[in-house]
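Structure data follow from query19.cif (mmCIF, C-alpha atoms):
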data_work
#
loop_
_atom_site.label_atom_id
_atom_site.label_comp_id
_atom_site.auth_asym_id
_atom_site.auth_seq_id
_atom_site.Cartn_x
_atom_site.Cartn_y
_atom_site.Cartn_z
CA MET A 177 77.88 99.30 90.17
CA ARG A 178 74.69 101.14 89.33
CA TYR A 179 72.90 104.32 90.33
CA ASP A 180 69.17 104.56 90.82
CA ARG A 181 66.94 107.54 90.03
CA VAL A 182 69.44 109.59 88.02
CA VAL A 183 68.55 112.94 86.51
CA ARG A 184 70.40 115.39 84.32
CA GLY A 185 71.25 118.90 85.33
CA THR A 186 73.51 121.85 84.69
CA PHE A 187 76.36 122.79 87.01
CA LEU A 188 76.32 126.41 88.15
CA SER A 189 78.75 126.85 91.06
CA ARG A 190 80.50 125.11 93.94
CA PRO A 191 80.36 127.20 97.13
CA ASN A 192 82.56 124.69 98.96
CA ARG A 193 84.01 121.24 98.37
CA PHE A 194 80.93 119.46 99.73
CA ILE A 195 78.09 121.11 97.83
CA ALA A 196 77.25 122.54 94.44
CA LYS A 197 74.45 124.60 92.92
CA CYS A 198 72.81 122.98 89.91
CA GLN A 199 69.85 123.63 87.65
CA VAL A 200 67.44 120.71 87.24
CA GLY A 201 64.71 121.66 84.83
CA GLU A 202 63.24 124.88 86.21
CA GLU A 203 64.51 124.19 89.73
CA LEU A 204 67.69 125.53 91.35
CA VAL A 205 68.97 122.85 93.74
CA THR A 206 71.81 122.43 96.21
CA VAL A 207 73.46 119.03 95.75
CA HIS A 208 76.05 116.98 97.58
CA VAL A 209 79.31 116.56 95.64
CA LYS A 210 80.59 113.00 96.07
CA ASN A 211 84.20 114.10 95.61
CA THR A 212 86.14 116.48 97.85
CA GLY A 213 88.89 116.90 95.23
CA ARG A 214 89.25 120.00 93.15
CA CYS A 215 87.71 118.79 89.85
CA LYS A 216 88.22 122.34 88.59
CA GLU A 217 88.64 121.30 84.96
CA ILE A 218 85.39 119.29 85.11
CA LEU A 219 83.00 121.30 87.27
CA VAL A 220 82.83 124.49 85.26
CA PRO A 221 79.74 126.69 84.97
CA GLY A 222 77.42 125.32 82.33
CA ALA A 223 78.77 121.76 82.44
CA ARG A 224 76.21 118.99 82.01
CA VAL A 225 76.04 116.86 85.14
CA VAL A 226 74.33 113.70 86.30
CA LEU A 227 72.69 113.59 89.72
CA GLU A 228 71.32 110.72 91.77
CA ARG A 229 68.24 111.52 93.77
CA SER A 230 68.37 110.39 97.40
CA ASP A 231 65.41 108.55 98.86
CA SER A 232 66.21 109.72 102.42
CA PRO A 233 63.72 112.36 103.62
CA ALA A 234 66.16 113.42 106.35
CA ARG A 235 68.78 114.70 103.93
CA LYS A 236 69.38 118.41 103.51
CA THR A 237 70.49 117.90 99.91
CA PRO A 238 68.09 115.85 97.77
CA TYR A 239 70.71 114.91 95.15
CA ASP A 240 74.27 113.58 94.86
CA LEU A 241 76.41 114.81 91.97
CA VAL A 242 77.97 111.63 90.56
CA SER A 243 79.30 112.47 87.10
CA ALA A 244 79.84 115.30 84.67
CA TYR A 245 80.55 115.86 81.01
CA LYS A 246 83.80 117.46 79.94
CA GLY A 247 82.77 118.29 76.41
CA ASP A 248 81.48 114.94 75.14
CA LEU A 249 83.52 112.90 77.65
CA LEU A 250 81.49 111.55 80.58
CA ILE A 251 83.58 111.40 83.77
CA ASN A 252 82.35 109.71 86.92
CA ILE A 253 83.54 111.81 89.89
CA ASP A 254 82.01 109.76 92.70
CA SER A 255 84.97 109.09 95.02
CA GLN A 256 83.24 105.99 96.43
CA ALA A 257 82.74 104.39 93.02
CA PRO A 258 86.31 103.12 92.38
CA ASN A 259 86.36 100.91 95.48
CA LYS A 260 82.92 99.51 94.70
CA ALA A 261 83.89 98.84 91.08
CA PHE A 262 87.19 97.22 92.05
CA HIS A 263 85.49 94.98 94.61
CA GLU A 264 83.14 93.76 91.89
CA TYR A 265 86.09 93.33 89.51
CA VAL A 266 88.02 91.15 91.97
CA LEU A 267 85.03 88.87 92.49
CA GLU A 268 83.92 88.64 88.87
CA SER A 269 86.98 88.96 86.61
CA GLY A 270 89.10 86.03 87.75
CA ALA A 271 92.15 88.32 87.73
CA PHE A 272 92.89 87.37 91.33
CA GLY A 273 91.91 83.71 91.09
CA PRO A 274 88.58 81.92 90.72
CA ASP A 275 87.36 82.28 94.31
CA PRO A 276 89.13 85.13 96.12
CA GLU A 277 88.26 86.21 99.63
CA VAL A 278 88.04 89.99 99.81
CA PHE A 279 88.40 92.00 103.01
CA PRO A 280 87.86 95.77 102.72
CA GLU A 281 89.74 98.25 104.90
CA ARG A 282 92.61 96.23 106.33
CA THR A 283 95.49 97.74 108.31
CA HIS A 284 99.12 96.77 107.81
CA GLY A 285 101.83 98.63 109.70
CA ASP A 286 100.72 102.23 110.02
CA SER A 287 98.61 102.21 106.83
CA ARG A 288 95.04 101.20 106.23
CA PHE A 289 94.62 99.81 102.74
CA ASP A 290 91.41 99.57 100.76
CA PHE A 291 91.56 95.79 100.36
CA TYR A 292 93.26 92.65 101.56
CA ILE A 293 92.71 89.65 99.29
CA GLU A 294 93.45 85.98 99.83
CA SER A 295 93.33 83.61 96.88
CA GLY A 296 94.86 80.16 97.04
CA GLY A 297 98.18 80.81 98.72
CA ARG A 298 98.31 84.45 97.65
CA ARG A 299 98.18 87.25 100.22
CA ILE A 300 97.52 90.61 98.60
CA PHE A 301 97.16 94.21 99.75
CA ALA A 302 95.57 96.62 97.28
CA GLU A 303 95.15 100.37 97.44
CA VAL A 304 92.66 101.93 95.01
CA LYS A 305 92.81 105.48 93.64
CA GLY A 306 90.18 107.03 91.40
CA VAL A 307 91.43 108.91 88.34
CA THR A 308 89.31 111.78 87.01
CA LEU A 309 91.95 114.14 85.59
CA GLU A 310 92.73 114.03 81.89
CA ASN A 311 94.37 116.14 79.22
CA ASP A 312 94.15 115.24 75.54
CA GLY A 313 93.63 111.55 76.21
CA VAL A 314 96.28 111.26 78.92
CA CYS A 315 94.88 110.53 82.38
CA MET A 316 96.72 111.58 85.53
CA PHE A 317 96.71 111.27 89.31
CA PRO A 318 96.62 113.07 91.70
CA ASP A 319 94.68 116.26 90.97
CA ALA A 320 95.92 117.76 94.26
CA PRO A 321 98.92 117.02 96.50
CA THR A 322 98.24 113.83 98.45
CA GLU A 323 100.38 113.03 101.48
CA ARG A 324 97.93 110.25 102.30
CA GLY A 325 98.45 108.72 98.87
CA LEU A 326 102.22 109.00 99.25
CA LYS A 327 102.02 107.15 102.57
CA HIS A 328 99.95 104.41 100.96
CA VAL A 329 102.51 103.87 98.19
CA ARG A 330 105.32 103.61 100.72
CA GLY A 331 103.21 101.23 102.77
CA LEU A 332 102.75 99.00 99.72
CA GLU A 333 106.52 98.85 99.33
CA GLU A 334 106.75 97.62 102.93
CA CYS A 335 104.16 94.93 102.17
CA VAL A 336 106.34 93.64 99.33
CA GLU A 337 109.39 93.59 101.61
CA GLU A 338 107.44 91.39 104.03
CA GLY A 339 106.44 88.86 101.38
CA TYR A 340 102.95 90.05 100.43
CA GLU A 341 101.79 90.91 96.95
CA ALA A 342 100.92 94.60 96.70
CA TYR A 343 98.88 96.44 94.09
CA LEU A 344 98.41 100.13 93.41
CA VAL A 345 95.15 100.17 91.47
CA LEU A 346 94.30 103.28 89.47
CA VAL A 347 90.64 103.13 88.46
CA VAL A 348 90.12 105.47 85.50
CA GLN A 349 86.60 106.84 85.79
CA MET A 350 86.19 107.53 82.06
CA GLU A 351 86.68 105.83 78.72
CA GLY A 352 89.08 106.15 75.80
CA MET A 353 92.31 107.22 77.50
CA LYS A 354 95.59 106.58 75.65
CA GLU A 355 97.89 106.32 78.67
CA PHE A 356 98.42 107.20 82.32
CA VAL A 357 101.19 109.44 83.68
CA PRO A 358 101.58 110.52 87.32
CA ASN A 359 100.77 114.20 87.75
CA TYR A 360 104.29 115.40 88.49
CA ALA A 361 103.29 119.04 88.08
CA THR A 362 100.94 118.76 91.05
CA HIS A 363 102.83 116.29 93.26
CA ALA A 364 106.23 115.30 91.88
CA GLU A 365 107.13 113.26 94.96
CA PHE A 366 104.12 111.00 94.44
CA GLY A 367 105.20 110.29 90.86
CA ARG A 368 108.76 109.51 91.88
CA GLU A 369 107.58 107.25 94.71
CA MET A 370 105.17 105.44 92.43
CA GLU A 371 108.00 104.70 90.02
CA LYS A 372 110.22 103.51 92.88
CA ALA A 373 107.42 101.30 94.20
CA GLU A 374 106.96 99.56 90.86
CA ARG A 375 110.69 98.92 90.61
CA SER A 376 110.49 97.45 94.12
CA GLY A 377 107.82 94.95 93.15
CA VAL A 378 104.54 96.79 93.71
CA LYS A 379 102.24 95.97 90.81
CA VAL A 380 100.57 98.95 89.16
CA LEU A 381 97.19 98.40 87.50
CA VAL A 382 95.59 101.20 85.49
CA LEU A 383 92.07 99.97 84.74
CA GLU A 384 89.63 101.61 82.35
CA CYS A 385 85.99 101.83 83.35
CA GLU A 386 82.89 101.60 81.21
CA VAL A 387 80.96 104.68 82.28
CA SER A 388 77.32 105.54 81.64
CA GLU A 389 75.03 108.00 83.34
CA ASP A 390 73.65 105.31 85.64
CA SER A 391 76.58 102.88 86.01
CA MET A 392 80.33 102.38 86.22
CA ARG A 393 82.19 99.11 85.92
CA ILE A 394 85.78 98.14 85.27
CA GLY A 395 86.10 96.78 81.73
CA GLY A 396 88.74 94.46 80.38
CA ARG A 397 91.29 97.02 79.19
CA ALA A 398 94.42 97.93 81.11
CA ILE A 399 95.68 101.40 80.18
CA PRO A 400 99.46 101.66 79.62
CA HIS A 401 101.37 103.85 82.04
CA ARG A 402 104.71 105.57 81.91
CA TYR A 403 106.94 107.83 83.98
CA LEU A 404 108.78 111.01 83.07
CA SER A 405 112.07 109.15 83.34
CA GLU A 406 110.99 106.95 80.44
CA ARG A 407 111.16 108.00 76.82
CA ARG A 408 108.15 107.67 74.60
#
Now, as a test, write the supplied structure out as structure tokens.
Amino acid sequence: MRYDRVVRGTFLSRPNRFIAKCQVGEELVTVHVKNTGRCKEILVPGARVVLERSDSPARKTPYDLVSAYKGDLLINIDSQAPNKAFHEYVLESGAFGPDPEVFPERTHGDSRFDFYIESGGRRIFAEVKGVTLENDGVCMFPDAPTERGLKHVRGLEECVEEGYEAYLVLVVQMEGMKEFVPNYATHAEFGREMEKAERSGVKVLVLECEVSEDSMRIGGRAIPHRYLSERR
């Protein structure tokens, strides 16, 4: 996926989860933040950010904040980007067969999953989560407690019980990570449920993205993952 009309800026502040104040050249602008998560370790005053200029004259905010630098590491924080990138990956990679049919936003039981995929005789539900949190080369999810995410993982377990394939897809919106570990410190129950789900047959994919200032795509590398119950 690509962004059009990107510009660089400097992050100044975030008055609420929807907007931020940024400096673009000599101009102070209010921008829309395309991520309602905390991103506290990324969006710090003085951070270099990448904005996409909107071409809608009706918008109150002329820019979307789509990525930011954490030191030299560029992190895409657009919460819509993981689904778009995974959709492209399913169609182009062959990982789900040569000619998969992809249906976004499908409900099963009391959960709505990001994707339902049919390929040959395979019937697959997939839930996608974007990963933007990292510490010393270890990426983690979630960055805030997520009851919705917990419900999705349990729903994937139910899909497996009913004979479907089920995937929890963690799209890592940065490059160069060594491994993935659930963020037990923030939401221990999610980590435990994720481990239980994998033991129950839910497939866990942790996929690295190739990230530039004007694009993000899932590359070919799967990042290893582990749980606290496992020894290094």
- Query: So what do you get for atom CA of A:Leu227 versus atom CA of A:Val205, distance-wise?
  - Reply: 10.8 Å
- Query: Which residues match the PyMOL selection byres ((chain A and resi 285-293) around 12) in the file above, as an MDAnalysis selection string?
  - Reply: chainID A and resid 256 258:260 262:263 266:267 271:273 275:284 294:305 324:335 338 340:345
Please, could you write that set of residues out with C-alpha atoms as an mmCIF file, in the frame of the given file?
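Below is the file that was written, part23.cif:
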data_model
loop_
_atom_site.group_PDB
_atom_site.id
_atom_site.type_symbol
_atom_site.label_atom_id
_atom_site.label_comp_id
_atom_site.auth_asym_id
_atom_site.auth_seq_id
_atom_site.Cartn_x
_atom_site.Cartn_y
_atom_site.Cartn_z
ATOM 1 C CA GLN A 256 83.240 105.990 96.430
ATOM 2 C CA PRO A 258 86.310 103.120 92.380
ATOM 3 C CA ASN A 259 86.360 100.910 95.480
ATOM 4 C CA LYS A 260 82.920 99.510 94.700
ATOM 5 C CA PHE A 262 87.190 97.220 92.050
ATOM 6 C CA HIS A 263 85.490 94.980 94.610
ATOM 7 C CA VAL A 266 88.020 91.150 91.970
ATOM 8 C CA LEU A 267 85.030 88.870 92.490
ATOM 9 C CA ALA A 271 92.150 88.320 87.730
ATOM 10 C CA PHE A 272 92.890 87.370 91.330
ATOM 11 C CA GLY A 273 91.910 83.710 91.090
ATOM 12 C CA ASP A 275 87.360 82.280 94.310
ATOM 13 C CA PRO A 276 89.130 85.130 96.120
ATOM 14 C CA GLU A 277 88.260 86.210 99.630
ATOM 15 C CA VAL A 278 88.040 89.990 99.810
ATOM 16 C CA PHE A 279 88.400 92.000 103.010
ATOM 17 C CA PRO A 280 87.860 95.770 102.720
ATOM 18 C CA GLU A 281 89.740 98.250 104.900
ATOM 19 C CA ARG A 282 92.610 96.230 106.330
ATOM 20 C CA THR A 283 95.490 97.740 108.310
ATOM 21 C CA HIS A 284 99.120 96.770 107.810
ATOM 22 C CA GLU A 294 93.450 85.980 99.830
ATOM 23 C CA SER A 295 93.330 83.610 96.880
ATOM 24 C CA GLY A 296 94.860 80.160 97.040
ATOM 25 C CA GLY A 297 98.180 80.810 98.720
ATOM 26 C CA ARG A 298 98.310 84.450 97.650
ATOM 27 C CA ARG A 299 98.180 87.250 100.220
ATOM 28 C CA ILE A 300 97.520 90.610 98.600
ATOM 29 C CA PHE A 301 97.160 94.210 99.750
ATOM 30 C CA ALA A 302 95.570 96.620 97.280
ATOM 31 C CA GLU A 303 95.150 100.370 97.440
ATOM 32 C CA VAL A 304 92.660 101.930 95.010
ATOM 33 C CA LYS A 305 92.810 105.480 93.640
ATOM 34 C CA ARG A 324 97.930 110.250 102.300
ATOM 35 C CA GLY A 325 98.450 108.720 98.870
ATOM 36 C CA LEU A 326 102.220 109.000 99.250
ATOM 37 C CA LYS A 327 102.020 107.150 102.570
ATOM 38 C CA HIS A 328 99.950 104.410 100.960
ATOM 39 C CA VAL A 329 102.510 103.870 98.190
ATOM 40 C CA ARG A 330 105.320 103.610 100.720
ATOM 41 C CA GLY A 331 103.210 101.230 102.770
ATOM 42 C CA LEU A 332 102.750 99.000 99.720
ATOM 43 C CA GLU A 333 106.520 98.850 99.330
ATOM 44 C CA GLU A 334 106.750 97.620 102.930
ATOM 45 C CA CYS A 335 104.160 94.930 102.170
ATOM 46 C CA GLU A 338 107.440 91.390 104.030
ATOM 47 C CA TYR A 340 102.950 90.050 100.430
ATOM 48 C CA GLU A 341 101.790 90.910 96.950
ATOM 49 C CA ALA A 342 100.920 94.600 96.700
ATOM 50 C CA TYR A 343 98.880 96.440 94.090
ATOM 51 C CA LEU A 344 98.410 100.130 93.410
ATOM 52 C CA VAL A 345 95.150 100.170 91.470
#
- Item | Residue IDs satisfying the PyMOL selection byres ((chain A and resi 353-357) around 6), as a PyMOL selection string | chain A and resi 313-316+351-352+358+399-403
- Residues near A:Val200, cut-off 8 Å, all atoms listed in the file, skip fewer than 5 positions along chain, as a PyMOL selection string: chain A and resi 183-186+205
- Kindly indicate which residue among A:Phe187, A:Ser243, A:Cys215, A:Gly270 lies nearest to A:Phe317, using all atoms listed in the file for the distances. A:Cys215
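Going from atom CA of A:Leu383 to atom CA of A:Tyr360 covers 20.0 Å.
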- Nearest-residue call for A:Val307, choices A:Glu264, A:Asp254, A:Asp240, A:Glu374, using only C-alpha atoms: A:Asp254
- Query: In Å, how far is it from atom CA of A:Asp248 to atom CA of A:Phe194?
  - Reply: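 One can read the atom CA of A:Asp248 to atom CA of A:Phe194 distance as 25.0 Å.
Remark: for A:Arg178, the closest of the candidate residues A:Glu228, A:Asp312, A:Glu365, A:Glu268 is A:Glu228 (distances computed over only C-alpha atoms).
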- Task: Go through A:Arg224, A:His363, A:Arg229, A:His208 one by one, measure the shortest atom-to-atom distance of each to A:Lys246 using only C-alpha atoms, and give the residue with the smallest value.
- Result: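 So, comparing all the options, the nearest one is A:Arg224.
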- A:Ser255, A:Ser376, A:Ala261, A:Val348: which is nearest A:Thr212, counting all atoms listed in the file?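 Checking each candidate against A:Thr212, we get A:Ser255 as the closest.
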- Query: Do you know which residues are at most 8 Å from stretch 385-393 of chain A counting all atoms listed in the file, after dropping those on the same chain fewer than 3 positions away, and could you put them as a PyMOL selection string?
  - Reply: chain A and resi 177-180+182+226+243+250-252+257+261+265+347-351
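With all atoms listed in the file as the atoms that count, the residue of A:Ala234, A:Cys198, A:Arg190, A:Leu404 with the shortest distance to A:Glu371 is A:Leu404.
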